[in-house]
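Visitor: File start_7.txt below, compact mmCIF, C-alpha atoms and all ligand atoms:
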```
# COMPACT_ATOMS: atom_id res chain seq x y z
CA MET A 30 124.05 96.46 81.31
CA GLN A 31 124.86 99.74 79.54
CA PHE A 32 122.46 102.21 77.93
CA ALA A 33 124.33 101.71 74.65
CA GLU A 34 123.25 98.06 74.57
CA LEU A 35 119.53 98.84 74.68
CA GLY A 36 119.13 99.92 71.04
CA LEU A 37 118.37 103.62 71.63
CA ARG A 38 119.34 106.27 69.08
CA ALA A 39 122.56 108.23 69.64
CA ALA A 40 120.69 111.45 70.51
CA LEU A 41 119.13 109.65 73.46
CA LEU A 42 122.42 108.19 74.62
CA ASP A 43 123.88 111.70 74.60
CA ALA A 44 120.97 113.04 76.66
CA VAL A 45 121.26 110.22 79.16
CA ALA A 46 125.01 110.75 79.48
CA GLU A 47 124.48 114.46 80.01
CA LEU A 48 122.00 113.72 82.80
CA GLY A 49 124.68 111.61 84.46
CA TYR A 50 122.78 108.32 84.29
CA LYS A 51 125.48 105.66 84.41
CA GLU A 52 123.45 102.56 83.76
CA PRO A 53 119.81 101.68 83.18
CA THR A 54 117.64 100.88 86.18
CA PRO A 55 115.93 97.45 86.24
CA ILE A 56 112.65 98.75 84.76
CA GLN A 57 114.57 100.52 82.01
CA GLU A 58 116.50 97.33 81.19
CA GLN A 59 113.24 95.46 80.77
CA ALA A 60 110.93 98.06 79.29
CA ILE A 61 113.20 99.79 76.76
CA PRO A 62 113.93 96.74 74.55
CA ALA A 63 110.26 95.63 74.72
CA LEU A 64 109.04 99.08 73.70
CA LEU A 65 111.63 99.39 70.93
CA ALA A 66 110.31 96.04 69.65
CA GLY A 67 106.85 97.61 69.39
CA LYS A 68 105.24 95.74 72.27
CA ASP A 69 102.51 97.09 74.55
CA ILE A 70 103.54 96.96 78.18
CA ILE A 71 101.95 97.05 81.60
CA GLY A 72 104.55 98.25 84.07
CA SER A 73 104.30 98.08 87.79
CA ALA A 74 107.27 99.63 89.44
CA GLN A 75 107.77 101.60 92.58
CA THR A 76 108.10 105.34 92.28
CA GLY A 77 111.69 106.39 91.99
CA THR A 78 112.64 103.43 89.85
CA GLY A 79 113.21 105.50 86.71
CA LYS A 80 109.93 104.58 85.03
CA THR A 81 109.57 107.93 83.24
CA ALA A 82 112.80 107.36 81.34
CA ALA A 83 111.74 103.73 80.79
CA PHE A 84 108.91 104.88 78.53
CA SER A 85 110.15 108.30 77.32
CA LEU A 86 113.49 107.16 75.91
CA PRO A 87 112.17 104.42 73.59
CA ILE A 88 109.28 106.62 72.43
CA ILE A 89 111.58 109.51 71.53
CA SER A 90 113.96 107.07 69.90
CA GLN A 91 111.19 105.84 67.58
CA LEU A 92 109.62 109.19 66.75
CA GLY A 93 112.28 110.33 64.27
CA PRO A 94 112.27 113.98 63.15
CA HIS A 95 109.65 116.60 63.93
CA GLY A 96 106.42 116.04 62.02
CA PRO A 97 102.68 116.57 62.16
CA GLY A 98 101.28 115.44 65.46
CA PRO A 99 100.90 114.85 68.25
CA ARG A 100 102.30 111.39 67.64
CA CYS A 101 102.70 110.56 71.30
CA LEU A 102 100.18 111.22 74.06
CA VAL A 103 101.01 110.82 77.75
CA LEU A 104 98.11 111.01 80.22
CA GLU A 105 98.85 111.92 83.83
CA PRO A 106 96.44 112.13 86.78
CA THR A 107 97.66 115.43 88.24
CA ARG A 108 99.05 118.70 86.97
CA GLU A 109 102.26 118.27 88.94
CA LEU A 110 102.93 114.87 87.45
CA ALA A 111 102.12 116.18 84.00
CA LEU A 112 104.61 119.01 84.45
CA GLN A 113 107.25 116.67 85.80
CA THR A 114 106.88 114.23 82.92
CA TYR A 115 106.89 117.11 80.43
CA GLU A 116 110.16 118.36 81.91
CA ASN A 117 111.61 114.88 81.61
CA PHE A 118 110.65 114.70 77.93
CA LEU A 119 112.31 118.08 77.34
CA LYS A 120 115.53 116.79 78.88
CA PHE A 121 115.53 113.48 77.06
CA ALA A 122 114.62 115.04 73.70
CA ARG A 123 117.23 117.78 73.99
CA PHE A 124 119.35 116.56 71.12
CA THR A 125 116.42 115.97 68.79
CA GLN A 126 114.13 118.42 66.97
CA LEU A 127 111.03 117.00 68.59
CA ARG A 128 108.60 119.38 70.27
CA THR A 129 106.84 118.59 73.49
CA GLY A 130 103.62 120.25 74.65
CA LEU A 131 101.86 120.37 77.99
CA VAL A 132 98.15 120.67 78.63
CA TYR A 133 96.52 120.80 82.06
CA GLY A 134 93.67 122.54 83.83
CA GLY A 135 93.68 125.44 86.27
CA VAL A 136 95.52 127.79 83.90
CA GLY A 137 94.50 129.75 80.80
CA TYR A 138 94.02 128.21 77.37
CA GLY A 139 96.01 130.79 75.40
CA LYS A 140 99.52 129.41 75.54
CA GLN A 141 98.32 125.83 75.28
CA LYS A 142 96.39 126.63 72.12
CA GLU A 143 99.37 128.46 70.63
CA ASP A 144 101.66 125.52 71.35
CA LEU A 145 99.18 123.06 69.89
CA GLU A 146 98.74 125.18 66.81
CA ARG A 147 102.48 125.45 66.28
CA GLY A 148 102.60 121.66 66.40
CA VAL A 149 103.88 119.23 69.03
CA ASP A 150 105.22 115.73 68.55
CA ILE A 151 104.70 114.71 72.16
CA LEU A 152 101.76 115.88 74.24
CA VAL A 153 101.65 115.44 78.02
CA ALA A 154 98.18 116.09 79.43
CA THR A 155 95.70 115.63 82.23
CA PRO A 156 92.42 114.11 81.00
CA GLY A 157 89.93 116.92 81.74
CA ARG A 158 91.73 119.72 79.95
CA LEU A 159 92.67 117.47 77.06
CA LEU A 160 88.98 116.68 76.55
CA ASP A 161 88.23 120.42 76.51
CA HIS A 162 90.82 120.88 73.77
CA LEU A 163 89.41 117.93 71.86
CA ASP A 164 85.90 119.40 72.12
CA GLN A 165 87.19 122.76 70.91
CA ARG A 166 89.09 120.98 68.13
CA THR A 167 92.34 122.62 69.11
CA VAL A 168 93.96 119.19 69.09
CA ARG A 169 93.39 115.85 67.35
CA LEU A 170 94.75 112.50 68.34
CA ASP A 171 94.43 110.55 65.13
CA LEU A 172 98.20 110.47 64.68
CA ALA A 173 99.01 109.48 68.26
CA ARG A 174 100.68 106.14 67.70
CA PHE A 175 102.20 106.07 71.18
CA LEU A 176 99.88 106.25 74.16
CA VAL A 177 101.09 106.27 77.77
CA LEU A 178 98.63 105.88 80.65
CA ASP A 179 100.74 106.80 83.65
CA GLU A 180 99.68 106.21 87.25
CA ALA A 181 96.55 104.48 86.00
CA ASP A 182 95.42 103.44 89.49
CA ARG A 183 95.46 107.05 90.59
CA MET A 184 93.45 108.08 87.52
CA LEU A 185 90.94 105.44 88.60
CA ASP A 186 90.86 106.77 92.19
CA MET A 187 90.29 110.28 90.91
CA GLY A 188 87.36 109.19 88.76
CA PHE A 189 89.12 109.82 85.43
CA LEU A 190 88.60 106.43 83.82
CA PRO A 191 85.53 107.44 81.75
CA ASP A 192 87.49 110.46 80.45
CA VAL A 193 90.48 108.24 79.74
CA ARG A 194 88.29 105.89 77.72
CA ARG A 195 86.86 108.77 75.69
CA ILE A 196 90.37 109.95 74.96
CA ILE A 197 91.60 106.49 73.97
CA MET A 198 88.74 106.23 71.48
CA LYS A 199 90.13 109.29 69.68
CA CYS A 200 93.54 107.65 69.25
CA PRO A 201 94.29 105.40 66.29
CA LYS A 202 93.65 101.69 66.80
CA ASP A 203 97.04 100.89 65.43
CA ARG A 204 99.13 102.26 68.25
CA GLN A 205 101.54 101.18 70.95
CA THR A 206 100.06 101.51 74.43
CA MET A 207 101.87 101.47 77.75
CA LEU A 208 100.22 101.55 81.11
CA PHE A 209 101.90 102.13 84.46
CA SER A 210 100.16 101.43 87.72
CA ALA A 211 101.34 100.53 91.20
CA THR A 212 98.45 98.09 91.56
CA ILE A 213 96.12 96.54 88.99
CA PRO A 214 92.59 96.60 90.43
CA PRO A 215 89.80 94.97 88.34
CA ALA A 216 88.79 98.23 86.63
CA ILE A 217 92.34 98.68 85.34
CA GLU A 218 92.48 95.04 84.28
CA THR A 219 89.34 95.63 82.21
CA LEU A 220 90.89 98.74 80.70
CA THR A 221 94.04 96.86 79.72
CA THR A 222 92.02 94.11 78.03
CA TRP A 223 90.05 96.71 76.09
CA ALA A 224 92.83 99.14 75.24
CA MET A 225 95.93 97.02 74.85
CA ASN A 226 97.29 94.49 72.44
CA ALA A 227 98.91 91.41 74.02
CA PRO A 228 100.73 93.50 76.62
CA VAL A 229 103.96 92.31 78.21
CA LYS A 230 103.86 92.61 81.99
CA ILE A 231 106.89 94.14 83.64
CA GLU A 232 107.12 94.17 87.37
CA VAL A 233 110.08 95.55 89.22
CA GLY A 234 110.65 94.61 92.81
CA GLY A 235 107.78 93.54 95.02
CA ARG A 236 105.49 96.45 94.30
CA ARG A 237 104.18 96.18 97.82
CA GLN A 238 107.59 96.55 99.34
CA PRO A 239 109.02 99.91 100.22
CA ALA A 240 112.40 100.58 98.60
CA GLU A 241 115.10 98.70 100.45
CA THR A 242 117.10 101.87 100.87
CA VAL A 243 114.46 103.47 103.10
CA LYS A 244 114.68 103.01 106.85
CA HIS A 245 111.17 103.35 108.20
CA VAL A 246 109.92 103.35 111.76
CA LEU A 247 106.82 104.12 113.81
CA TYR A 248 106.70 106.58 116.68
CA PRO A 249 103.83 105.65 118.99
CA VAL A 250 102.48 108.80 120.62
CA ALA A 251 99.39 110.12 122.38
CA GLU A 252 97.11 112.08 120.03
CA LEU A 253 97.60 115.28 122.03
CA GLN A 254 101.37 115.11 121.69
CA LYS A 255 101.63 114.71 117.93
CA GLU A 256 102.46 118.33 117.35
CA THR A 257 105.12 118.51 120.05
CA LEU A 258 106.64 115.20 118.99
CA LEU A 259 106.89 116.38 115.40
CA LEU A 260 108.64 119.56 116.51
CA ALA A 261 110.94 117.54 118.78
CA LEU A 262 111.83 115.17 115.94
CA LEU A 263 112.69 118.10 113.69
CA GLU A 264 114.82 119.44 116.53
CA GLU A 265 116.64 116.23 117.44
CA VAL A 266 117.07 114.33 114.22
CA HIS A 267 119.66 115.27 111.65
CA TRP A 268 117.73 116.07 108.49
CA GLU A 269 118.06 118.26 105.44
CA SER A 270 114.68 118.36 103.81
CA ALA A 271 111.43 116.69 104.72
CA ILE A 272 108.04 116.01 103.26
CA ILE A 273 105.34 115.77 105.91
CA PHE A 274 102.19 113.93 104.92
CA CYS A 275 98.77 114.66 106.35
CA ARG A 276 95.49 112.90 105.73
CA THR A 277 93.40 116.00 105.06
CA LYS A 278 93.88 119.39 103.43
CA ARG A 279 92.78 121.13 106.60
CA GLY A 280 95.25 119.03 108.62
CA ALA A 281 98.04 119.97 106.20
CA ASP A 282 97.25 123.67 106.65
CA VAL A 283 97.33 123.28 110.44
CA VAL A 284 100.71 121.52 110.37
CA GLU A 285 102.16 124.09 108.00
CA SER A 286 101.08 126.92 110.27
CA PHE A 287 102.50 125.46 113.48
CA LEU A 288 105.76 124.65 111.68
CA SER A 289 105.96 128.21 110.39
CA ARG A 290 105.27 129.53 113.89
CA ALA A 291 108.18 127.37 115.08
CA LYS A 292 110.37 129.14 112.47
CA HIS A 293 110.62 126.27 110.03
CA LYS A 294 110.60 127.30 106.40
CA ALA A 295 107.54 125.35 105.35
CA ALA A 296 105.22 125.27 102.35
CA VAL A 297 102.03 123.34 101.80
CA ILE A 298 100.68 121.55 98.75
CA HIS A 299 97.14 120.23 98.44
CA SER A 300 94.32 120.39 95.96
CA ASP A 301 92.57 123.44 97.43
CA ARG A 302 95.61 125.57 96.72
CA SER A 303 95.71 127.29 93.35
CA GLN A 304 97.94 125.93 90.63
CA VAL A 305 100.29 128.91 91.05
CA GLU A 306 100.54 128.36 94.82
CA ARG A 307 101.20 124.67 94.36
CA GLN A 308 103.91 125.32 91.81
CA GLN A 309 105.52 127.96 93.99
CA ALA A 310 105.54 125.55 96.93
CA LEU A 311 107.04 122.79 94.83
CA ASP A 312 109.67 124.95 93.14
CA GLY A 313 110.58 126.61 96.43
CA PHE A 314 111.02 123.23 98.03
CA LYS A 315 113.11 121.87 95.17
CA LYS A 316 115.35 124.93 95.23
CA GLY A 317 115.78 124.81 99.00
CA LYS A 318 113.79 127.97 99.82
CA PHE A 319 111.53 125.76 101.94
CA GLU A 320 113.01 122.96 104.02
CA VAL A 321 109.69 121.30 104.71
CA LEU A 322 106.87 120.50 102.32
CA VAL A 323 103.56 119.59 103.94
CA ALA A 324 101.39 117.59 101.57
CA THR A 325 98.33 115.42 101.11
CA ASP A 326 98.53 112.16 99.17
CA VAL A 327 96.73 113.32 96.06
CA ALA A 328 98.98 116.34 95.71
CA ALA A 329 102.22 114.50 96.30
CA ARG A 330 101.73 111.20 94.60
CA GLY A 331 104.57 110.40 92.22
CA LEU A 332 106.23 113.80 92.46
CA ASP A 333 109.88 113.48 91.67
CA ILE A 334 111.50 115.50 94.37
CA ALA A 335 115.17 114.65 94.59
CA ASP A 336 117.22 114.52 97.77
CA VAL A 337 114.52 114.38 100.38
CA SER A 338 116.26 113.19 103.48
CA HIS A 339 113.09 112.47 105.45
CA VAL A 340 109.47 111.60 104.96
CA ILE A 341 107.31 112.10 108.03
CA ASN A 342 103.79 110.74 108.14
CA TYR A 343 102.09 113.09 110.53
CA ASP A 344 99.01 110.95 109.97
CA VAL A 345 99.08 107.25 109.21
CA PRO A 346 97.71 106.81 105.68
CA GLU A 347 94.33 105.10 105.41
CA HIS A 348 95.29 103.17 102.30
CA PRO A 349 98.27 100.85 102.65
CA GLU A 350 99.43 101.61 99.08
CA ASP A 351 99.77 105.26 100.06
CA TYR A 352 102.25 104.26 102.75
CA VAL A 353 104.51 102.76 100.09
CA HIS A 354 104.05 105.78 97.83
CA ARG A 355 104.69 108.24 100.59
CA ILE A 356 107.86 106.69 101.83
CA GLY A 357 108.97 106.27 98.23
CA ARG A 358 109.65 110.04 98.28
CA THR A 359 112.85 109.30 100.15
CA GLY A 360 115.44 106.70 99.24
CA ARG A 361 114.82 107.49 95.58
CA ALA A 362 117.24 106.37 92.91
CA GLN A 363 119.36 104.48 95.39
CA ALA A 364 119.94 107.26 97.92
CA SER A 365 119.05 106.14 101.39
CA GLY A 366 116.47 107.94 103.44
CA ASP A 367 114.40 107.82 106.56
CA ALA A 368 110.66 107.66 106.99
CA PHE A 369 108.92 108.28 110.30
CA THR A 370 105.28 107.66 111.03
CA LEU A 371 103.53 109.13 114.06
CA PHE A 372 101.24 106.43 115.35
CA THR A 373 98.35 106.99 117.75
CA ALA A 374 96.06 104.40 119.31
CA SER A 375 93.26 105.20 116.89
CA ASP A 376 95.57 104.33 113.97
CA ALA A 377 96.15 100.76 115.13
CA GLY A 378 93.86 99.29 112.50
CA PHE A 379 95.53 101.25 109.67
CA VAL A 380 99.00 100.26 110.87
CA ALA A 381 97.98 96.60 111.01
CA SER A 382 96.74 96.73 107.42
CA ILE A 383 99.91 98.49 106.22
CA GLU A 384 102.03 95.80 107.84
CA ARG A 385 99.93 93.09 106.22
CA PHE A 386 100.22 94.83 102.88
CA ILE A 387 104.00 95.22 102.95
CA THR A 388 104.39 91.89 104.78
CA GLN A 389 106.77 93.52 107.20
CA LYS A 390 106.64 94.55 110.80
CA ILE A 391 107.62 98.20 111.13
CA PRO A 392 109.89 98.83 114.13
CA ARG A 393 108.42 100.97 116.94
CA VAL A 394 110.87 103.48 118.32
CA LYS A 395 110.95 106.29 120.85
CA LEU A 396 112.71 109.61 120.87
CA ASP A 397 114.87 109.34 123.98
CA THR A 398 114.75 112.98 124.95
CA PHE A 399 110.99 113.39 124.61
CA LYS A 400 108.69 113.49 127.64
CA TYR A 401 105.98 111.10 126.59
CA GLN A 402 102.48 111.10 127.98
CA TYR A 403 100.83 107.77 128.43
CA THR A 404 99.19 106.10 125.48
CA VAL A 405 97.62 102.67 125.39
CA LEU A 406 100.20 101.80 122.74
CA PHE A 407 102.90 101.76 125.41
CA ASP A 408 101.06 99.01 127.29
CA GLU A 409 101.64 96.76 124.35
CA VAL A 410 105.35 97.30 124.77
CA ARG A 411 105.42 96.90 128.51
CA LEU A 412 103.47 93.68 128.24
CA GLY A 413 105.77 92.39 125.54
CA PRO A 414 104.62 90.55 122.45
CA VAL A 415 100.92 90.06 122.21
CA SER A 416 98.82 88.21 119.77
CA GLU A 417 95.59 89.73 118.53
CA ARG A 418 94.10 91.10 121.70
CA LYS A 419 91.63 93.79 122.41
CA THR A 420 92.93 96.74 124.36
CA ARG A 421 90.43 99.36 125.34
CA GLY A 422 88.43 98.79 122.24
CA VAL A 423 91.46 99.04 119.91
CA ARG A 424 92.33 95.90 118.07
CA MET A 425 96.09 95.51 118.13
CA GLY A 426 98.29 93.61 115.72
CA LYS A 427 100.73 90.94 116.68
CA GLY A 428 104.09 91.19 118.42
CA TYR A 429 104.90 94.81 119.14
CA PHE A 430 108.57 94.78 119.56
CA PHE A 431 110.13 98.12 120.12
CA GLY A 432 112.90 97.59 122.62
CA PRO A 433 112.60 97.35 126.38
CA ALA A 434 109.84 99.68 127.52
CA LYS A 435 110.98 102.80 129.31
CA ARG A 436 107.87 104.52 130.54
CA LYS A 437 108.25 108.06 131.66
P1 LIG A 501 111.02 108.29 88.11
O1 LIG A 501 110.80 106.94 88.73
O2 LIG A 501 110.83 108.28 86.64
O3 LIG A 501 110.23 109.35 88.81
O4 LIG A 501 112.57 108.66 88.31
C1 LIG A 501 113.14 108.88 89.56
C2 LIG A 501 114.47 109.61 89.49
O5 LIG A 501 115.51 108.76 89.03
C3 LIG A 501 114.49 110.82 88.58
O6 LIG A 501 115.11 111.87 89.29
C4 LIG A 501 115.33 110.41 87.41
O7 LIG A 501 116.04 111.52 86.86
C5 LIG A 501 116.29 109.42 88.03
N1 LIG A 501 116.75 108.38 87.10
C6 LIG A 501 116.02 107.76 86.15
N2 LIG A 501 116.76 106.84 85.50
C7 LIG A 501 117.99 106.87 86.05
C8 LIG A 501 119.22 106.14 85.81
N3 LIG A 501 119.28 105.20 84.87
N4 LIG A 501 120.28 106.44 86.58
C9 LIG A 501 120.19 107.40 87.54
N5 LIG A 501 119.07 108.11 87.81
C10 LIG A 501 117.99 107.85 87.09
```
Take the structure in the file and give it back as structure tokens.
Guide:
Amino acid sequence: MQFAELGLRAALLDAVAELGYKEPTPIQEQAIPALLAGKDIIGSAQTGTGKTAAFSLPIISQLGPHGPGPRCLVLEPTRELALQTYENFLKFARFTQLRTGLVYGGVGYGKQKEDLERGVDILVATPGRLLDHLDQRTVRLDLARFLVLDEADRMLDMGFLPDVRRIIMKCPKDRQTMLFSATIPPAIETLTTWAMNAPVKIEVGGRRQPAETVKHVLYPVAELQKETLLLALLEEVHWESAIIFCRTKRGADVVESFLSRAKHKAAVIHSDRSQVERQQALDGFKKGKFEVLVATDVAARGLDIADVSHVINYDVPEHPEDYVHRIGRTGRAQASGDAFTLFTASDAGFVASIERFITQKIPRVKLDTFKYQYTVLFDEVRLGPVSERKTRGVRMGKGYFFGPAKRK
């Protein structure tokens, strides 16, 4: 299918052509005609599938010329996502007269107020700061006939749903609502029933499956050797840019400092860093000033960082969905990528639940040149496939199958 067949206005087709998009992605093929037909939609699509364009293009197409507003409101869970979506709207609306505004916390009110006063057609916002503006009456939402709730499951995790509800109540009843969420837990289901009008469900790919273009493997390792194994991997493997995920902010700081000591150009992004620091880290990484970005899940979720050759999970994520989100940072938009996960004996339970969630066994591999210390995980290999057995208090999953065991 071609973009020209979807019913978008010419200004959008020009923008898409200028961005070099050749054909619509599957979610765009499904969502764009439904949205142009005025339907509400619930979209579940993996990150990197082109979902931002899937909602932005049909909204811009329907907005017509600049007018009193905002007529479209997009809610995002984090400042980084808000900025990223805002930048997308700017690109897609390039050949129109529409104005896009951005509102998020952690920065001053001045510029935001000025922009709002001057008038925006599209407003991208995080919930907390938007509520402040609503309270101060620097913005109204009674003309917002398009409402996008992006990454709704993350807004739920971050405790934003009550704020989101308050915001929705300020929007007109007669509106088109679109909600995107990787998973639909009961609280989101309730929200969709309350806030949406006969929504069409659009699901792209098994949302539990990592993108097919990503090769992902586990590196079993003793806890004490995680740091040296990470450094060895960065030494041995051919890579260009990597995001390294840690479970905690403190852990991310520790990893960033030992990488920097090892002369890697690394930056860190987590929620204790100021907005300016986070933006500098992100921009520096995108521009190639930093080759490694160390991040926590909350900070990195959904960030569109192009051309990441490797994702490395320094810590196994506790939530299986985060595994899929993390490794979605590579292999985006059909480029192939690699994802490594360092796996220690205490992570066995988390790994088992990830494998259940994605209904796949993740291959266990070893770095040939690395001098491994013993870990109980290697016993599983030496003993060959096992079915649910208890090993030194660690419950192991079924059938560990990484190659013939070579114990050093
Ligand atoms: P998203 O899932 O919205 O974060 O988009 C992921 C990446 O895919 C972004 O870098 C987009 O610019 C890019 N993208 C979106 N739609 C297309 C398309 N139809 N063809 C090629 N790239 C696309």
Visitor: When distances are computed from all atoms listed in the file, which of A:Leu170, A:Leu288, A:Ala295, A:Leu332 shows the smallest separation from A:Ala310?
Guide: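 Result for the nearest residue to A:Ala310: A:Ala295.
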Visitor: Kindly indicate which residue among A:Tyr138, A:Phe124, A:Phe274, A:Phe209 lies nearest to ligand LIG 501 (chain A), using all atoms listed in the file for the distances.
Guide: A:Phe209
Visitor: By how many Å are atom CA of A:Ala60 and atom CA of A:Leu110 apart?
Guide: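 Taking atom CA of A:Ala60 as the start and atom CA of A:Leu110 as the end point, the length is 20.3 Å.
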Visitor: Tell me, in Å to one decimal, how far atom CA of A:Asp179 is from atom CA of A:Thr155.
Guide: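 Result for atom CA of A:Asp179 versus atom CA of A:Thr155: 10.3 Å, one decimal.
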Visitor: How far is it from atom CA of A:Gln304 to atom CA of A:Met207, in Å with one decimal?
Guide: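 About the pair atom CA of A:Gln304 and atom CA of A:Met207: they are 27.9 Å apart.
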Visitor: Which residue is closest to ligand LIG 501 (chain A)? Choose from A:Ser286, A:Thr359, A:Gln308, A:Gln91 and count all atoms listed in the file.
Guide: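 The shortest atom-to-atom distance to ligand LIG 501 (chain A) comes from A:Thr359.
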Visitor: Please list as a PyMOL selection string every residue within 7 Å of A:Pro228, counting all atoms listed in the file and excluding residues in the same chain fewer than 4 positions away.
Guide: chain A and resi 68-71
Visitor: If you keep C-alpha atoms, can you produce a file of those selected residues as a PDB file, keeping the file's coordinate frame?
Guide:
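Result file follows (part_12.pdb):
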```pdb
ATOM      1  CA  LYS A  68     105.240  95.740  72.270  1.00  0.00           C
ATOM      2  CA  ASP A  69     102.510  97.090  74.550  1.00  0.00           C
ATOM      3  CA  ILE A  70     103.540  96.960  78.180  1.00  0.00           C
ATOM      4  CA  ILE A  71     101.950  97.050  81.600  1.00  0.00           C
TER       5      ILE A  71
END
```
Visitor: Contacts of A:Asp171 at 7 Å or less, counting all atoms listed in the file, minus same-chain residues fewer than 4 places along, as a list in words?
Guide: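 Contacts, with the query itself left out: Lys199, Cys200 and Pro201 of chain A.
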Visitor: Have a look at A:Gly378, A:Pro55, A:Gly137, A:Pro87 and name the one nearest to ligand LIG 501 (chain A); count only C-alpha atoms and all ligand atoms.
Guide: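 The answer is A:Pro55, which sits nearest to ligand LIG 501 (chain A).
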Visitor: Using all atoms listed in the file, give me every residue within 9 Å of (103.6, 114.6, 64.2) in file coordinates, as a PyMOL selection string.
Guide: chain A and resi 92+94-101+127+148-151+172-173
Visitor: Can you find the residues with an atom no farther than 12 Å from (96.3, 110.2, 81.0), counting only C-alpha atoms, and report them as a ChimeraX atom specification?
Guide: /A:101-108,110-111,114,131-133,152-160,176-185,187-197,206-210
Visitor: Given the choices A:Val323, A:Val353, A:Ala83, A:Leu65, which gets closest to ligand LIG 501 (chain A) if the distance is worked out from all atoms listed in the file?
Guide: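 Once distances to ligand LIG 501 (chain A) are computed over all atoms listed in the file, the minimum belongs to A:Ala83.
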Visitor: I want to know what sits within 12 Å of A:Asp43, based on all atoms listed in the file, with residues of the same chain fewer than 2 positions away left out; could you give that as a list in words?
Guide: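 My list of contacting residues is Phe32, Ala33, Leu37, Arg38, Ala39, Ala40, Leu41, Val45, Ala46, Glu47, Leu48, Gly49, Tyr50, Lys51, Leu86, Ser90, Lys120, Phe121, Ala122, Arg123, Phe124 and Thr125 of chain A.
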Visitor: Filtering to C-alpha atoms, could you give me those residues as a short mmCIF file (atom, residue, chain, number, x, y, z; two decimals), in the frame of the given file?
Guide:
```cif
data_model
loop_
_atom_site.label_atom_id
_atom_site.label_comp_id
_atom_site.auth_asym_id
_atom_site.auth_seq_id
_atom_site.Cartn_x
_atom_site.Cartn_y
_atom_site.Cartn_z
CA PHE A 32 122.46 102.21 77.93
CA ALA A 33 124.33 101.71 74.65
CA LEU A 37 118.37 103.62 71.63
CA ARG A 38 119.34 106.27 69.08
CA ALA A 39 122.56 108.23 69.64
CA ALA A 40 120.69 111.45 70.51
CA LEU A 41 119.13 109.65 73.46
CA VAL A 45 121.26 110.22 79.16
CA ALA A 46 125.01 110.75 79.48
CA GLU A 47 124.48 114.46 80.01
CA LEU A 48 122.00 113.72 82.80
CA GLY A 49 124.68 111.61 84.46
CA TYR A 50 122.78 108.32 84.29
CA LYS A 51 125.48 105.66 84.41
CA LEU A 86 113.49 107.16 75.91
CA SER A 90 113.96 107.07 69.90
CA LYS A 120 115.53 116.79 78.88
CA PHE A 121 115.53 113.48 77.06
CA ALA A 122 114.62 115.04 73.70
CA ARG A 123 117.23 117.78 73.99
CA PHE A 124 119.35 116.56 71.12
CA THR A 125 116.42 115.97 68.79
#
```
Visitor: Which of these residues is nearest to ligand LIG 501 (chain A), using all atoms listed in the file: A:Ala281, A:Ala74, A:Leu262, A:Ala224?
Guide: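 Under the stated criterion, the closest residue is A:Ala74.
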